[in-house]
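One file, coords-v6.cif, is given below (mmCIF, C-alpha atoms and all ligand atoms).
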data_model
#
loop_
_atom_site.label_atom_id
_atom_site.label_comp_id
_atom_site.auth_asym_id
_atom_site.auth_seq_id
_atom_site.Cartn_x
_atom_site.Cartn_y
_atom_site.Cartn_z
CA MET A 253 79.45 105.67 105.27
CA HIS A 254 79.56 106.73 101.60
CA GLU A 255 77.94 110.09 102.36
CA GLU A 256 80.43 110.64 105.15
CA ASN A 257 83.33 109.85 102.78
CA LYS A 258 81.98 112.18 100.09
CA LYS A 259 81.76 115.01 102.58
CA LYS A 260 85.43 114.53 103.31
CA GLY A 261 86.26 114.38 99.59
CA TRP A 262 87.10 110.68 99.79
CA ASN A 263 85.26 109.59 96.69
CA GLY A 264 87.94 107.86 94.66
CA ILE A 265 88.99 104.24 94.57
CA LEU A 266 92.13 105.50 96.28
CA ASP A 267 92.40 108.78 98.15
CA VAL A 268 95.66 110.03 99.59
CA VAL A 269 95.39 113.26 101.57
CA ASP A 270 98.35 115.27 102.81
CA LEU A 271 100.55 112.20 103.27
CA LYS A 272 103.84 112.71 105.07
CA LYS A 273 106.58 110.19 105.69
CA HIS A 274 110.00 111.29 106.86
CA PHE A 275 113.10 109.19 107.46
CA GLY A 276 115.08 111.29 109.92
CA GLU A 277 115.96 114.46 108.04
CA VAL A 278 114.80 113.07 104.68
CA LYS A 279 111.28 114.17 103.78
CA ALA A 280 110.56 111.21 101.49
CA VAL A 281 106.86 112.13 101.17
CA ASP A 282 106.02 115.69 102.11
CA GLY A 283 102.32 116.46 102.01
CA LEU A 284 101.14 114.48 99.01
CA THR A 285 97.46 114.57 97.94
CA PHE A 286 95.92 112.71 94.99
CA SER A 287 93.02 110.45 94.05
CA VAL A 288 92.64 107.52 91.70
CA LYS A 289 89.17 107.26 90.20
CA LYS A 290 87.30 104.23 88.92
CA GLY A 291 88.42 103.06 85.49
CA GLU A 292 91.51 105.28 85.55
CA ILE A 293 95.24 104.68 85.30
CA TYR A 294 96.92 107.26 87.52
CA GLY A 295 100.65 107.71 87.02
CA LEU A 296 102.94 108.81 89.82
CA LEU A 297 105.84 110.15 87.79
CA GLY A 298 109.10 111.29 89.34
CA PRO A 299 112.86 110.76 89.32
CA ASN A 300 114.68 108.27 91.54
CA GLY A 301 114.24 109.30 95.15
CA ALA A 302 111.09 111.39 94.48
CA GLY A 303 109.07 109.36 97.02
CA LYS A 304 107.04 107.02 94.79
CA THR A 305 107.92 103.76 96.55
CA THR A 306 107.52 105.30 100.00
CA THR A 307 104.03 106.55 99.05
CA ILE A 308 103.07 103.11 97.75
CA LYS A 309 104.46 101.33 100.83
CA CYS A 310 102.39 103.65 103.06
CA ILE A 311 99.26 102.80 101.04
CA MET A 312 100.06 99.10 101.38
CA GLY A 313 100.53 99.45 105.14
CA LEU A 314 104.18 98.37 104.83
CA LEU A 315 105.32 101.68 106.31
CA SER A 316 103.57 103.67 108.99
CA LEU A 317 102.75 107.24 108.01
CA GLN A 318 103.63 110.33 109.99
CA GLU A 319 100.67 112.43 108.93
CA GLY A 320 97.76 112.43 106.51
CA SER A 321 95.11 109.91 105.54
CA ILE A 322 94.67 107.14 103.05
CA ARG A 323 91.41 105.55 101.95
CA VAL A 324 91.01 102.56 99.66
CA LEU A 325 87.37 102.31 98.53
CA GLY A 326 86.62 104.46 101.55
CA LEU A 327 88.39 102.04 103.92
CA ASP A 328 91.17 103.15 106.22
CA PRO A 329 94.10 100.72 105.85
CA THR A 330 95.25 101.42 109.41
CA VAL A 331 91.83 100.26 110.67
CA SER A 332 91.03 97.46 108.18
CA PRO A 333 94.39 96.30 106.76
CA GLU A 334 93.19 92.86 105.67
CA ARG A 335 90.06 94.13 103.90
CA VAL A 336 92.13 96.78 102.13
CA LYS A 337 94.69 94.20 100.99
CA GLY A 338 91.82 92.13 99.55
CA GLU A 339 90.90 95.07 97.28
CA ILE A 340 94.43 95.59 95.96
CA GLY A 341 96.76 93.71 93.63
CA TYR A 342 100.29 94.87 94.45
CA VAL A 343 103.37 94.67 92.27
CA SER A 344 106.35 95.80 94.34
CA GLU A 345 109.55 97.36 93.04
CA GLU A 346 111.57 94.28 93.99
CA PRO A 347 109.66 91.03 93.37
CA MET A 348 108.56 89.59 96.72
CA LEU A 349 107.88 85.97 95.87
CA TYR A 350 108.34 82.70 97.68
CA LYS A 351 111.47 81.66 95.86
CA SER A 352 111.38 77.96 96.62
CA MET A 353 107.88 77.60 95.17
CA THR A 354 107.07 77.09 91.52
CA PRO A 355 104.67 79.59 89.90
CA GLU A 356 101.99 76.87 89.91
CA GLU A 357 102.39 76.35 93.68
CA LEU A 358 102.48 80.10 94.29
CA PHE A 359 99.26 80.74 92.37
CA ASN A 360 97.52 77.83 94.16
CA PHE A 361 98.73 79.23 97.47
CA ILE A 362 97.39 82.71 96.62
CA ALA A 363 94.05 81.20 95.58
CA SER A 364 93.79 79.35 98.89
CA ILE A 365 94.71 82.27 101.17
CA ARG A 366 92.38 84.56 99.22
CA LYS A 367 89.68 81.85 99.36
CA LEU A 368 89.16 81.91 95.58
CA ASP A 369 87.46 79.23 93.56
CA ALA A 370 90.43 76.94 92.85
CA GLU A 371 89.43 76.00 89.33
CA GLY A 372 88.66 79.59 88.27
CA ALA A 373 91.92 80.87 89.79
CA THR A 374 93.99 78.18 88.07
CA SER A 375 92.42 78.86 84.72
CA LYS A 376 92.97 82.64 85.10
CA ALA A 377 96.61 82.11 86.17
CA LYS A 378 97.23 79.71 83.29
CA SER A 379 95.75 82.03 80.70
CA LEU A 380 97.90 84.93 82.00
CA VAL A 381 101.02 82.73 82.08
CA THR A 382 100.30 81.69 78.51
CA SER A 383 99.68 85.23 77.26
CA LEU A 384 102.95 86.33 78.90
CA ASP A 385 104.75 83.52 77.12
CA ALA A 386 105.92 81.86 80.35
CA LEU A 387 104.13 78.50 80.37
CA GLN A 388 107.47 76.68 80.15
CA TYR A 389 108.35 78.07 83.62
CA TYR A 390 105.05 77.10 85.27
CA LYS A 391 106.63 74.21 87.16
CA SER A 392 110.16 75.66 87.67
CA ALA A 393 111.32 76.98 91.06
CA ILE A 394 110.90 80.77 91.07
CA VAL A 395 114.50 81.15 92.27
CA THR A 396 115.71 79.82 88.90
CA LEU A 397 113.76 82.38 86.82
CA SER A 398 115.26 85.47 85.19
CA LYS A 399 114.35 88.92 86.58
CA GLY A 400 111.87 89.49 83.76
CA ASN A 401 110.16 86.14 84.29
CA LYS A 402 109.96 86.73 88.05
CA GLN A 403 108.35 90.07 87.28
CA LYS A 404 105.79 88.37 85.03
CA MET A 405 104.89 85.97 87.88
CA GLN A 406 104.57 88.88 90.28
CA ILE A 407 102.20 90.68 87.91
CA ILE A 408 100.10 87.50 87.54
CA SER A 409 100.01 87.09 91.35
CA ALA A 410 98.55 90.58 91.61
CA LEU A 411 95.81 89.86 89.08
CA ILE A 412 94.52 86.43 90.14
CA HIS A 413 91.87 87.74 92.57
CA ASP A 414 90.53 90.38 90.13
CA PRO A 415 91.25 93.31 92.44
CA PRO A 416 89.43 96.61 91.83
CA LEU A 417 92.73 98.46 92.41
CA LEU A 418 96.13 97.53 91.04
CA ILE A 419 99.14 99.25 92.59
CA MET A 420 102.26 98.80 90.52
CA ASP A 421 105.67 100.19 91.42
CA GLU A 422 107.67 100.56 88.18
CA PRO A 423 106.04 97.42 86.74
CA LEU A 424 107.75 97.56 83.35
CA ALA A 425 111.31 97.79 84.69
CA GLY A 426 113.38 94.84 83.51
CA LEU A 427 110.84 93.59 80.95
CA ASP A 428 111.73 93.10 77.29
CA ALA A 429 109.84 95.05 74.63
CA LYS A 430 107.41 92.26 73.78
CA THR A 431 106.52 91.47 77.41
CA SER A 432 106.24 95.15 78.17
CA ARG A 433 103.73 95.50 75.31
CA ILE A 434 101.63 92.59 76.62
CA VAL A 435 101.69 93.91 80.20
CA LYS A 436 100.56 97.33 78.95
CA ASP A 437 97.65 95.62 77.19
CA ILE A 438 96.77 93.68 80.36
CA LEU A 439 96.66 97.02 82.23
CA LYS A 440 94.40 98.56 79.59
CA ILE A 441 92.03 95.56 79.75
CA HIS A 442 91.96 95.87 83.56
CA VAL A 443 90.69 99.46 83.36
CA GLU A 444 88.32 98.72 80.47
CA GLU A 445 86.73 96.16 82.80
CA GLY A 446 86.20 98.91 85.39
CA GLY A 447 89.35 98.41 87.45
CA SER A 448 91.70 101.21 88.52
CA ILE A 449 95.48 101.41 88.59
CA LEU A 450 98.09 103.42 90.45
CA LEU A 451 101.34 103.07 88.55
CA SER A 452 104.69 104.57 89.38
CA THR A 453 107.34 105.32 86.80
CA HIS A 454 110.33 107.58 86.32
CA ILE A 455 109.79 107.66 82.55
CA MET A 456 107.62 110.43 81.08
CA GLU A 457 107.06 108.47 77.88
CA GLN A 458 105.57 105.53 79.81
CA ALA A 459 103.31 107.81 81.84
CA SER A 460 102.10 109.63 78.74
CA GLU A 461 101.44 106.38 76.88
CA LEU A 462 99.55 104.65 79.67
CA CYS A 463 98.06 107.09 82.14
CA ASP A 464 94.76 108.96 82.11
CA LYS A 465 96.09 111.30 84.75
CA ILE A 466 99.67 112.04 85.74
CA GLY A 467 100.98 113.41 89.02
CA ILE A 468 104.57 114.62 88.72
CA ILE A 469 106.36 114.43 92.06
CA ASN A 470 109.70 115.73 93.20
CA LYS A 471 111.22 115.54 96.69
CA GLY A 472 107.98 114.13 98.08
CA LYS A 473 105.79 116.96 96.73
CA MET A 474 103.35 117.18 93.83
CA VAL A 475 104.79 119.67 91.34
CA ALA A 476 102.21 119.26 88.56
CA GLU A 477 99.10 117.18 88.00
CA GLY A 478 96.77 116.73 85.08
CA THR A 479 95.64 114.68 82.13
CA LEU A 480 98.12 114.24 79.31
CA ASN A 481 96.27 116.94 77.34
CA GLU A 482 96.46 119.36 80.24
CA LEU A 483 100.19 118.77 80.72
CA GLN A 484 100.71 119.02 76.96
CA SER A 485 98.93 122.40 76.79
CA TYR A 486 101.09 123.58 79.69
CA ALA A 487 104.19 122.48 77.76
CA ASP A 488 102.92 124.09 74.53
CA ALA A 489 102.30 127.37 76.34
CA ALA A 490 105.87 127.24 77.65
CA GLY A 491 107.15 126.45 74.14
CA ALA A 492 108.72 123.20 75.36
CA ASN A 493 108.12 119.48 74.88
CA LEU A 494 106.71 117.29 77.65
CA GLU A 495 110.03 115.61 78.44
CA ASP A 496 111.70 119.01 78.95
CA VAL A 497 108.86 120.18 81.16
CA TYR A 498 109.18 117.01 83.24
CA LEU A 499 112.96 117.44 83.60
CA LYS A 500 112.54 121.09 84.56
CA LEU A 501 109.76 120.48 87.09
CA THR A 502 111.80 117.75 88.74
CA GLU A 503 115.00 119.82 88.67
CA GLN A 504 116.78 117.34 86.45
CA ASP A 505 117.28 119.77 83.53
CA LYS A 506 120.47 121.38 84.89
CA ASP A 507 121.97 117.95 85.69
CA VAL A 508 121.24 116.80 82.15
CA LYS A 509 122.78 119.94 80.66
CA SER A 510 125.96 119.75 82.73
CA VAL A 511 126.40 116.02 81.96
CA VAL A 512 125.87 116.63 78.24
CA ASP A 513 128.27 119.60 78.33
CA SER A 514 131.00 117.60 80.05
CA LEU A 515 130.44 114.62 77.72
CA ARG A 516 130.80 116.96 74.76
CA ALA A 517 133.96 118.51 76.24
CA SER A 518 135.61 115.15 76.91
CA TYR A 519 134.61 113.91 73.44
CA HIS A 520 136.28 116.90 71.80
CA ALA A 521 139.35 116.56 74.04
CA SER A 522 139.86 112.93 73.03
CA LYS A 523 139.35 113.55 69.30
CA PRO A 524 142.48 113.41 67.10
CA SER A 525 143.31 117.03 66.23
CA GLU A 526 143.21 116.54 62.45
CA LEU A 527 139.51 115.60 62.73
CA ASN A 528 138.69 118.77 64.67
N1 LIG A 601 113.94 103.01 104.69
C1 LIG A 601 114.47 104.19 104.38
N2 LIG A 601 115.31 104.81 105.24
C2 LIG A 601 115.83 106.03 104.95
N3 LIG A 601 115.58 106.70 103.82
C3 LIG A 601 114.76 106.15 102.94
C4 LIG A 601 114.17 104.86 103.16
N4 LIG A 601 113.38 104.55 102.09
C5 LIG A 601 113.49 105.59 101.24
N5 LIG A 601 114.31 106.54 101.74
C6 LIG A 601 114.64 107.82 101.10
O1 LIG A 601 113.41 108.48 100.80
C7 LIG A 601 113.48 109.13 99.55
C8 LIG A 601 112.39 108.61 98.63
O2 LIG A 601 112.69 107.27 98.25
P1 LIG A 601 111.71 106.38 97.39
O3 LIG A 601 110.34 106.49 97.95
O4 LIG A 601 112.30 105.03 97.30
O5 LIG A 601 111.76 107.11 95.98
P2 LIG A 601 111.38 106.60 94.52
O6 LIG A 601 110.61 105.33 94.65
O7 LIG A 601 110.59 107.72 93.93
O8 LIG A 601 112.68 106.40 93.80
C9 LIG A 601 114.88 108.91 99.03
O9 LIG A 601 115.67 110.02 99.41
C10 LIG A 601 115.32 107.66 99.77
O10 LIG A 601 116.73 107.63 99.91
MG MG A 602 110.96 103.47 93.82
#

Re-express the file's structure as structure tokens.
Amino acid sequence: MHEENKKKGWNGILDVVDLKKHFGEVKAVDGLTFSVKKGEIYGLLGPNGAGKTTTIKCIMGLLSLQEGSIRVLGLDPTVSPERVKGEIGYVSEEPMLYKSMTPEELFNFIASIRKLDAEGATSKAKSLVTSLDALQYYKSAIVTLSKGNKQKMQIISALIHDPPLLIMDEPLAGLDAKTSRIVKDILKIHVEEGGSILLSTHIMEQASELCDKIGIINKGKMVAEGTLNELQSYADAAGANLEDVYLKLTEQDKDVKSVVDSLRASYHASKPSELN
């Protein structure tokens, strides 16, 4: 089985080959190919609407794909969806949690459906809750928690079963600076322990801080891929900084310029004339 996968180039923890997913006329994902290797944080970086969430939902089996193939540890999610889900910890864009449960009940529930050792799972959940400074919410109904605290619980839910692959869709959105720092450290520890992560973000700075490899996508297509050093050399050669390269590759540079120009114009127009 492994030899067969290698022959096909499926030798990552996650392999996505020529993935296509269209919604009517909208080509949300349009022939995307990338791999996430063991011990690596791979960043899918792209503006809103680039196709990050659609790609992730296809990997998770939440959307059917039109074309292409996906392998998680060599397994085809369309053939073995349950086994694939067992290998992944998923943090969705919008927290999908059982709102009437408390975090404690939710984590116990996850431990039981994943058939984990109850004591080990509880102690792991509790230590994560404590490190994320959320122990005071352990017995509160999830519905009463703030967005940031719900997000913390979702991240913990994804980690309880020690999955080899974490898939996180904009995991830092809505978190305060301190929590964001702790979550970043949790991600780094996960890869140091041999785990792998696919992380989506629309922020270049986050991708460059966290990711070993970055795939920049726009309109469902890969427009650049490389390590931070590789992307940086590309930017240096073009005499630009990374942020500018990202904006240009994802066709956001002209939008930024026209918004800044019109802001400048309206600022000057509203200024009292004696200050001009
Ligand atoms: N269920 C859907 N029906 C129709 N269009 C969709 C649906 N989901 C996403 N899209 C469209 O697909 C494109 C990619 O969206 P998405 O994958 O959510 O991007 P991202 O996560 O990068 O912001 C967008 O144009 C979006 O409007
Ligand atoms: Mg998204």

Within 7 Å of segment 276-279 of chain A, counting all atoms listed in the file, which residues show up once you throw out same-chain ones fewer than 3 positions away? Write them as a CSV table (one decimal) with C-alpha atoms, in the coordinates of the input, please.
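That gives us selection_25.csv:
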chain,number,residue,atom,x,y,z
A,273,LYS,CA,106.6,110.2,105.7
A,282,ASP,CA,106.0,115.7,102.1
A,472,GLY,CA,108.0,114.1,98.1

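Of note, atom CA of Leu439 of chain A and atom CA of Pro415 of chain A are spaced 12.1 Å apart.
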
Exercise for the section: Would you mind listing what lies within 9 Å of Thr354 of chain A as an MDAnalysis selection string, with all atoms listed in the file counted and same-chain residues fewer than 5 positions away left out? Expected result: chainID A and resid 359 389:395

Practice task
Report the distance between atom CA of Ile455 of chain A and atom CA of Lys436 of chain A in Å, rounded to one decimal place.
Solution key: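 According to the coordinates, atom CA of Ile455 of chain A and atom CA of Lys436 of chain A are separated by 14.3 Å.
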
Practice task
Check the smallest atom-to-atom distance from each of A:Lys337, A:Lys402, A:Lys309, A:Arg323 to Thr285 of chain A using only C-alpha atoms, then report the winner.
Solution key: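 Looking only at the distances to Thr285 of chain A, the closest residue turns out to be A:Arg323.
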
Exercise for the section: Using all atoms listed in the file, find each protein or nucleic acid residue lying at most 8 Å from ligand MG 602 (chain A); present the set as a PyMOL selection string. Expected result: chain A and resi 300-306+345+421-422+452

Exercise for the section: Could you tell me which of A:Lys289, A:His520, A:His442, A:His274 comes closest to ligand LIG 601 (chain A) if we count all atoms listed in the file? Expected result: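 Checking each of A:Lys289, A:His520, A:His442, A:His274 against ligand LIG 601 (chain A), counting all atoms listed in the file, the winner is A:His274.
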